[in-house]
file coords.cif (mmCIF, C-alpha atoms and all ligand atoms)
data_coords
loop_
_atom_site.label_atom_id
_atom_site.label_comp_id
_atom_site.auth_asym_id
_atom_site.auth_seq_id
_atom_site.Cartn_x
_atom_site.Cartn_y
_atom_site.Cartn_z
CA MET A 525 168.30 54.72 73.54
CA THR A 526 171.33 55.52 75.68
CA THR A 527 171.05 55.14 79.44
CA GLU A 528 172.94 57.83 81.27
CA ASP A 529 174.03 58.45 84.84
CA ASN A 530 170.92 59.21 86.86
CA LYS A 531 170.47 62.05 89.27
CA PRO A 532 169.57 61.06 92.85
CA LYS A 533 165.86 61.84 92.28
CA THR A 534 165.63 59.17 89.58
CA ALA A 535 168.35 56.85 90.88
CA ALA A 536 165.93 53.93 91.23
CA PHE A 537 164.73 54.30 87.65
CA ARG A 538 166.20 54.03 84.19
CA VAL A 539 166.32 57.41 82.49
CA GLY A 540 167.73 57.91 79.02
CA LEU A 541 167.65 60.25 76.07
CA GLY A 542 166.81 59.00 72.59
CA ASP A 543 167.09 60.38 69.10
CA ILE A 544 163.96 61.32 67.21
CA THR A 545 163.63 59.15 64.13
CA PRO A 546 160.89 58.42 61.60
CA ASN A 547 160.03 55.39 63.78
CA ASN A 548 159.20 57.39 66.92
CA LEU A 549 157.99 60.60 65.32
CA GLY A 550 154.41 59.48 66.05
CA GLN A 551 155.25 59.27 69.78
CA LEU A 552 156.67 62.80 69.65
CA LYS A 553 153.50 64.11 67.99
CA ARG A 554 151.31 62.46 70.65
CA LEU A 555 153.46 63.92 73.43
CA ASN A 556 153.32 67.42 71.97
CA THR A 557 149.55 67.16 71.50
CA VAL A 558 149.15 66.39 75.21
CA LEU A 559 151.72 68.94 76.40
CA PHE A 560 151.06 72.02 74.26
CA PRO A 561 147.96 73.87 73.08
CA VAL A 562 149.69 74.72 69.80
CA VAL A 563 149.25 72.36 66.84
CA TYR A 564 152.59 71.89 65.11
CA THR A 565 152.75 71.54 61.35
CA ALA A 566 154.05 68.70 59.20
CA SER A 567 157.03 70.87 58.28
CA PHE A 568 157.83 71.35 61.99
CA TYR A 569 158.06 67.55 62.39
CA LYS A 570 160.03 67.17 59.16
CA ASP A 571 162.60 69.74 60.37
CA VAL A 572 162.88 68.03 63.78
CA LEU A 573 164.41 65.02 62.02
CA ASP A 574 167.27 67.19 60.74
CA VAL A 575 168.45 68.99 63.90
CA GLY A 576 170.49 66.13 65.33
CA GLU A 577 171.20 66.52 69.06
CA PHE A 578 168.83 69.50 69.28
CA ALA A 579 165.72 67.31 69.34
CA LYS A 580 165.43 64.47 71.86
CA ILE A 581 162.92 62.22 73.54
CA ILE A 582 163.35 61.22 77.19
CA TYR A 583 162.49 57.74 78.45
CA PHE A 584 161.60 56.86 82.02
CA ASN A 585 161.78 53.08 82.56
CA ASP A 586 161.56 52.72 78.76
CA VAL A 587 158.38 54.82 78.55
CA CYS A 588 158.58 57.96 76.44
CA VAL A 589 157.54 60.77 78.81
CA GLY A 590 158.97 64.00 77.44
CA ALA A 591 160.76 65.69 74.59
CA VAL A 592 162.54 68.79 73.40
CA CYS A 593 162.55 70.21 69.86
CA CYS A 594 164.73 73.12 68.75
CA ARG A 595 165.61 74.80 65.51
CA LYS A 596 168.65 76.76 64.40
CA GLU A 597 168.09 80.25 63.05
CA ASN A 598 170.45 82.46 61.09
CA VAL A 599 171.71 85.65 62.70
CA ALA A 600 171.24 88.65 60.41
CA GLY A 601 174.55 89.78 58.96
CA SER A 602 176.59 86.89 60.38
CA THR A 603 177.86 83.71 58.79
CA SER A 604 179.72 82.61 61.91
CA LEU A 605 176.84 82.69 64.41
CA GLN A 606 173.37 81.16 64.71
CA ASN A 607 170.69 81.26 67.39
CA LEU A 608 168.92 78.22 68.78
CA TYR A 609 165.16 78.48 69.30
CA ILE A 610 163.62 76.03 71.77
CA ALA A 611 160.22 75.47 70.20
CA THR A 612 158.93 72.82 72.61
CA LEU A 613 160.18 71.26 75.83
CA GLY A 614 157.83 69.30 78.02
CA VAL A 615 157.43 66.36 80.38
CA LEU A 616 154.14 64.54 81.03
CA ALA A 617 152.58 65.72 84.30
CA PRO A 618 153.03 62.53 86.39
CA TYR A 619 156.77 62.58 85.64
CA ARG A 620 157.50 66.20 86.56
CA ARG A 621 159.85 67.41 89.35
CA LEU A 622 162.07 64.38 88.83
CA GLY A 623 164.79 66.23 86.96
CA LEU A 624 163.69 64.98 83.53
CA GLY A 625 163.06 68.43 82.06
CA SER A 626 166.49 69.46 83.35
CA LYS A 627 168.09 66.46 81.69
CA LEU A 628 166.56 67.46 78.35
CA LEU A 629 167.54 71.12 78.70
CA GLU A 630 171.07 70.38 79.96
CA HIS A 631 171.62 68.17 76.92
CA ILE A 632 170.60 71.04 74.64
CA ILE A 633 172.76 73.58 76.51
CA GLU A 634 175.80 71.27 76.48
CA ASN A 635 175.49 70.72 72.74
CA ALA A 636 174.89 74.40 72.05
CA GLU A 637 178.08 75.24 73.95
CA LEU A 638 180.22 72.75 72.03
CA PRO A 639 182.51 74.38 69.46
CA PRO A 640 181.17 73.18 66.10
CA SER A 641 183.56 71.14 63.93
CA THR A 642 182.26 73.12 60.96
CA GLY A 643 179.71 75.89 60.54
CA PRO A 644 178.39 78.61 62.83
CA LYS A 645 178.56 78.71 66.63
CA ILE A 646 175.40 79.07 68.69
CA ALA A 647 175.34 82.64 69.99
CA LYS A 648 172.10 82.55 71.96
CA MET A 649 169.36 80.13 73.01
CA TYR A 650 165.85 81.52 73.35
CA LEU A 651 162.18 80.60 73.64
CA HIS A 652 158.74 82.03 74.35
CA VAL A 653 156.57 81.10 77.29
CA GLN A 654 153.09 82.33 78.27
CA THR A 655 153.36 84.91 81.05
CA ASP A 656 151.25 82.78 83.44
CA ASN A 657 153.43 79.65 83.06
CA GLU A 658 155.18 79.98 86.40
CA GLU A 659 156.56 76.43 86.37
CA ALA A 660 158.35 77.01 83.09
CA LEU A 661 159.61 80.45 84.15
CA GLU A 662 161.12 78.98 87.34
CA PHE A 663 162.51 76.08 85.37
CA TYR A 664 164.27 78.22 82.78
CA LYS A 665 165.55 80.75 85.32
CA LYS A 666 167.09 77.88 87.28
CA HIS A 667 168.99 77.00 84.09
CA GLY A 668 170.39 80.49 83.57
CA PHE A 669 167.80 81.98 81.22
CA ASN A 670 166.71 85.60 81.68
CA VAL A 671 163.56 87.43 80.64
CA ALA A 672 164.62 89.50 77.62
CA GLU A 673 161.25 90.93 76.60
CA LYS A 674 157.52 90.81 77.23
CA CYS A 675 155.77 90.11 73.91
CA GLU A 676 152.19 91.37 74.03
CA ASN A 677 149.60 89.26 72.23
CA TYR A 678 152.24 86.77 71.11
CA TYR A 679 149.61 83.99 71.31
CA PRO A 680 146.47 85.79 70.04
CA GLN A 681 144.53 82.50 70.05
CA PHE A 682 144.87 82.02 73.83
CA GLU A 683 143.16 83.70 76.77
CA VAL A 684 146.59 84.50 78.22
CA SER A 685 148.02 85.90 75.03
CA ASP A 686 151.18 87.59 76.32
CA ALA A 687 154.51 85.81 76.38
CA PHE A 688 157.94 86.35 77.80
CA ARG A 689 160.93 85.86 75.57
CA LEU A 690 163.57 84.14 77.64
CA GLU A 691 167.16 83.88 76.52
CA LYS A 692 170.55 82.55 77.48
CA VAL A 693 173.48 84.22 75.75
CA LEU A 694 176.38 81.88 74.98
CA VAL A 695 178.59 84.12 72.81
CA LYS A 696 178.84 87.81 73.61
CA ASP A 697 179.09 90.23 70.65
CA GLU A 698 182.44 89.63 68.96
N1 LIG B 701 157.11 75.11 90.36
C1 LIG B 701 158.25 75.78 90.67
N2 LIG B 701 159.46 75.48 90.16
C2 LIG B 701 159.53 74.48 89.27
C3 LIG B 701 158.38 73.74 88.86
C4 LIG B 701 157.13 74.09 89.46
N3 LIG B 701 156.00 73.42 89.17
N4 LIG B 701 158.75 72.79 87.97
C5 LIG B 701 160.09 72.92 87.81
N5 LIG B 701 160.56 73.94 88.57
C6 LIG B 701 161.94 74.40 88.69
C7 LIG B 701 162.50 73.99 90.05
O1 LIG B 701 163.54 74.92 90.37
C8 LIG B 701 163.07 72.63 89.74
O2 LIG B 701 164.08 72.22 90.66
P1 LIG B 701 163.65 71.43 92.01
O3 LIG B 701 162.68 70.35 91.62
O4 LIG B 701 164.96 70.91 92.51
O5 LIG B 701 163.01 72.46 92.89
C9 LIG B 701 163.69 72.86 88.39
O6 LIG B 701 162.76 73.72 87.72
C10 LIG B 701 163.97 71.62 87.59
O7 LIG B 701 162.79 70.86 87.50
P2 LIG B 701 162.69 69.50 86.65
O8 LIG B 701 162.21 68.40 87.54
O9 LIG B 701 163.95 69.26 85.90
O10 LIG B 701 161.56 69.91 85.59
P3 LIG B 701 160.35 69.03 85.03
O11 LIG B 701 160.84 67.71 84.56
O12 LIG B 701 159.25 69.03 86.01
O13 LIG B 701 159.96 69.89 83.73
C11 LIG B 701 158.71 71.65 82.69
C12 LIG B 701 159.68 71.28 83.84
C13 LIG B 701 159.34 71.20 81.38
C14 LIG B 701 158.54 73.17 82.68
C15 LIG B 701 157.37 70.92 82.97
O14 LIG B 701 156.69 71.57 84.03
C16 LIG B 701 156.41 70.86 81.77
O15 LIG B 701 156.55 69.98 80.91
N6 LIG B 701 155.43 71.79 81.68
C17 LIG B 701 154.43 71.75 80.58
C18 LIG B 701 155.02 72.15 79.25
C19 LIG B 701 155.65 73.53 79.34
O16 LIG B 701 155.08 74.46 79.89
N7 LIG B 701 156.90 73.64 78.79
C20 LIG B 701 157.68 74.84 78.85
C21 LIG B 701 157.17 75.96 78.02
S1 LIG B 701 157.32 75.74 76.30
C22 LIG B 701 158.94 75.85 75.93
O17 LIG B 701 159.77 75.53 76.67
C23 LIG B 701 159.42 76.32 74.65
#
call {"tool": "encode", "arguments": {"input": "coords.cif", "output": "structure tokens", "more": "lines below"}}
Ligand code: ACO
result
Amino acid sequence: MTTEDNKPKTAAFRVGLGDITPNNLGQLKRLNTVLFPVVYTASFYKDVLDVGEFAKIIYFNDVCVGAVCCRKENVAGSTSLQNLYIATLGVLAPYRRLGLGSKLLEHIIENAELPPSTGPKIAKMYLHVQTDNEEALEFYKKHGFNVAEKCENYYPQFEVSDAFRLEKVLVKDE
């Protein structure tokens, strides 16, 4: 775990991001089970181990309280660009509004903006969120994401089945 400079809200506490490894994958699964109504597959968790800086756990005073998991997706017709899909990003309820979600997301944005040493650049970051999830909508808008589309019945298994697709474009069409 690396301890980083803390924002004023968490100045009295130790906050740090950690890699996801086979040793803490169980903690990630427990977090996601509490945070999200979706059950993620074994292949989801296998892939998380291979995305490097695009999957992280956040620790608050050495307790694992949140995580982000992304995946890279190919862009049709391009070998020089990829998109980054944020599949899950969440912080346990008692630890919200302390800047922890922002720390996770800023880490992902910073890494997505880095010019890659080899391979494709990230053109766009995107995600889906249920239309009634006002906290998440405010959160992502604060970080420069825009609503790109309303996806009707995106989550057919839920009472609120519609989702917004939010995106943040990093590389304009070249
Ligand atoms: N109401 C209004 N605005 C909010 C709220 C809220 N409840 N929560 C966050 N924000 C906005 C505010 O602008 C806030 O800044 P401020 O506190 O200075 O006003 C800003 O987001 C940053 O807030 P953080 O403290 O960094 O965010 P937090 O650590 O609370 O995490 C998150 C936000 C991840 C959305 C959290 O509420 C959560 O885990 N929710 C449950 C899981 C979830 O819905 N995840 C997102 C959808 S799934 C996906 O991302 C792919």
call {"tool": "closest_atom_pairs", "arguments": {"input": "coords.cif", "of": "chain A", "to": "ligand LIG 701 (chain B)", "cutoff": "6 Å", "atoms": "only C-alpha atoms and all ligand atoms", "output": "JSON lines"}}
result
{"residue": "A:Leu559", "atom": "CA", "partner": "B:LIG701", "partner_atom": "C18", "distance": 5.4}
{"residue": "A:Ile610", "atom": "CA", "partner": "B:LIG701", "partner_atom": "C23", "distance": 5.1}
{"residue": "A:Ala611", "atom": "CA", "partner": "B:LIG701", "partner_atom": "C23", "distance": 4.6}
{"residue": "A:Thr612", "atom": "CA", "partner": "B:LIG701", "partner_atom": "C23", "distance": 4.1}
{"residue": "A:Leu613", "atom": "CA", "partner": "B:LIG701", "partner_atom": "O17", "distance": 4.4}
{"residue": "A:Gly614", "atom": "CA", "partner": "B:LIG701", "partner_atom": "O15", "distance": 3.2}
{"residue": "A:Val615", "atom": "CA", "partner": "B:LIG701", "partner_atom": "O15", "distance": 3.8}
{"residue": "A:Leu616", "atom": "CA", "partner": "B:LIG701", "partner_atom": "O15", "distance": 6.0}
{"residue": "A:Arg620", "atom": "CA", "partner": "B:LIG701", "partner_atom": "O12", "distance": 3.4}
{"residue": "A:Arg621", "atom": "CA", "partner": "B:LIG701", "partner_atom": "O8", "distance": 3.1}
{"residue": "A:Leu622", "atom": "CA", "partner": "B:LIG701", "partner_atom": "O8", "distance": 4.2}
{"residue": "A:Gly623", "atom": "CA", "partner": "B:LIG701", "partner_atom": "O9", "distance": 3.3}
{"residue": "A:Leu624", "atom": "CA", "partner": "B:LIG701", "partner_atom": "O11", "distance": 4.1}
{"residue": "A:Gly625", "atom": "CA", "partner": "B:LIG701", "partner_atom": "O11", "distance": 3.4}
{"residue": "A:Ser626", "atom": "CA", "partner": "B:LIG701", "partner_atom": "O9", "distance": 3.6}
{"residue": "A:Leu651", "atom": "CA", "partner": "B:LIG701", "partner_atom": "C23", "distance": 5.2}
{"residue": "A:His652", "atom": "CA", "partner": "B:LIG701", "partner_atom": "C23", "distance": 5.8}
{"residue": "A:Val653", "atom": "CA", "partner": "B:LIG701", "partner_atom": "C21", "distance": 5.2}
{"residue": "A:Glu659", "atom": "CA", "partner": "B:LIG701", "partner_atom": "C4", "distance": 3.9}
{"residue": "A:Ala660", "atom": "CA", "partner": "B:LIG701", "partner_atom": "C14", "distance": 3.9}
{"residue": "A:Glu662", "atom": "CA", "partner": "B:LIG701", "partner_atom": "N2", "distance": 4.8}
{"residue": "A:Phe663", "atom": "CA", "partner": "B:LIG701", "partner_atom": "O6", "distance": 3.3}
{"residue": "A:Lys666", "atom": "CA", "partner": "B:LIG701", "partner_atom": "O1", "distance": 5.6}
call {"tool": "atom_distance", "arguments": {"input": "coords.cif", "atom1": "atom CA of A:Tyr619", "atom2": "atom CA of A:Ala591"}}
result
12.2 Å
call {"tool": "residues_around", "arguments": {"input": "coords.cif", "residues": "stretch 543-547 of chain A", "least_positions_apart": "3", "cutoff": "12 Å", "atoms": "only C-alpha atoms", "output": "ChimeraX atom specification"}}
result
/A:525-526,540,550-553,569-583,588,590-594,628,631
call {"tool": "write_last_selection", "arguments": {"input": "coords.cif", "atoms": "C-alpha atoms", "output": "short mmCIF file (atom, residue, chain, number, x, y, z; two decimals), in the frame of the given file"}}
result
data_model
loop_
_atom_site.label_atom_id
_atom_site.label_comp_id
_atom_site.auth_asym_id
_atom_site.auth_seq_id
_atom_site.Cartn_x
_atom_site.Cartn_y
_atom_site.Cartn_z
CA MET A 525 168.30 54.72 73.54
CA THR A 526 171.33 55.52 75.68
CA GLY A 540 167.73 57.91 79.02
CA GLY A 550 154.41 59.48 66.05
CA GLN A 551 155.25 59.27 69.78
CA LEU A 552 156.67 62.80 69.65
CA LYS A 553 153.50 64.11 67.99
CA TYR A 569 158.06 67.55 62.39
CA LYS A 570 160.03 67.17 59.16
CA ASP A 571 162.60 69.74 60.37
CA VAL A 572 162.88 68.03 63.78
CA LEU A 573 164.41 65.02 62.02
CA ASP A 574 167.27 67.19 60.74
CA VAL A 575 168.45 68.99 63.90
CA GLY A 576 170.49 66.13 65.33
CA GLU A 577 171.20 66.52 69.06
CA PHE A 578 168.83 69.50 69.28
CA ALA A 579 165.72 67.31 69.34
CA LYS A 580 165.43 64.47 71.86
CA ILE A 581 162.92 62.22 73.54
CA ILE A 582 163.35 61.22 77.19
CA TYR A 583 162.49 57.74 78.45
CA CYS A 588 158.58 57.96 76.44
CA GLY A 590 158.97 64.00 77.44
CA ALA A 591 160.76 65.69 74.59
CA VAL A 592 162.54 68.79 73.40
CA CYS A 593 162.55 70.21 69.86
CA CYS A 594 164.73 73.12 68.75
CA LEU A 628 166.56 67.46 78.35
CA HIS A 631 171.62 68.17 76.92
#
call {"tool": "axis_aligned_box", "arguments": {"input": "coords.cif", "around": "stretch 547-552 of chain A", "padding_each_side": "4 Å", "output": "lines of an AutoDock Vina configuration file"}}
result
center_x = 157.2
center_y = 59.1
center_z = 66.8
size_x = 13.6
size_y = 15.4
size_z = 14.0
call {"tool": "residues_around", "arguments": {"input": "coords.cif", "residues": "A:Lys596", "least_positions_apart": "5", "cutoff": "7 Å", "atoms": "all atoms listed in the file", "output": "PyMOL selection string"}}
result
chain A and resi 606-609
call {"tool": "atom_distance", "arguments": {"input": "coords.cif", "atom1": "atom CA of A:Val684", "atom2": "atom CA of A:Ile633"}}
result
28.4 Å
call {"tool": "atom_distance", "arguments": {"input": "coords.cif", "atom1": "atom CA of A:Asn598", "atom2": "atom CA of A:Ala687"}}
result
22.3 Å
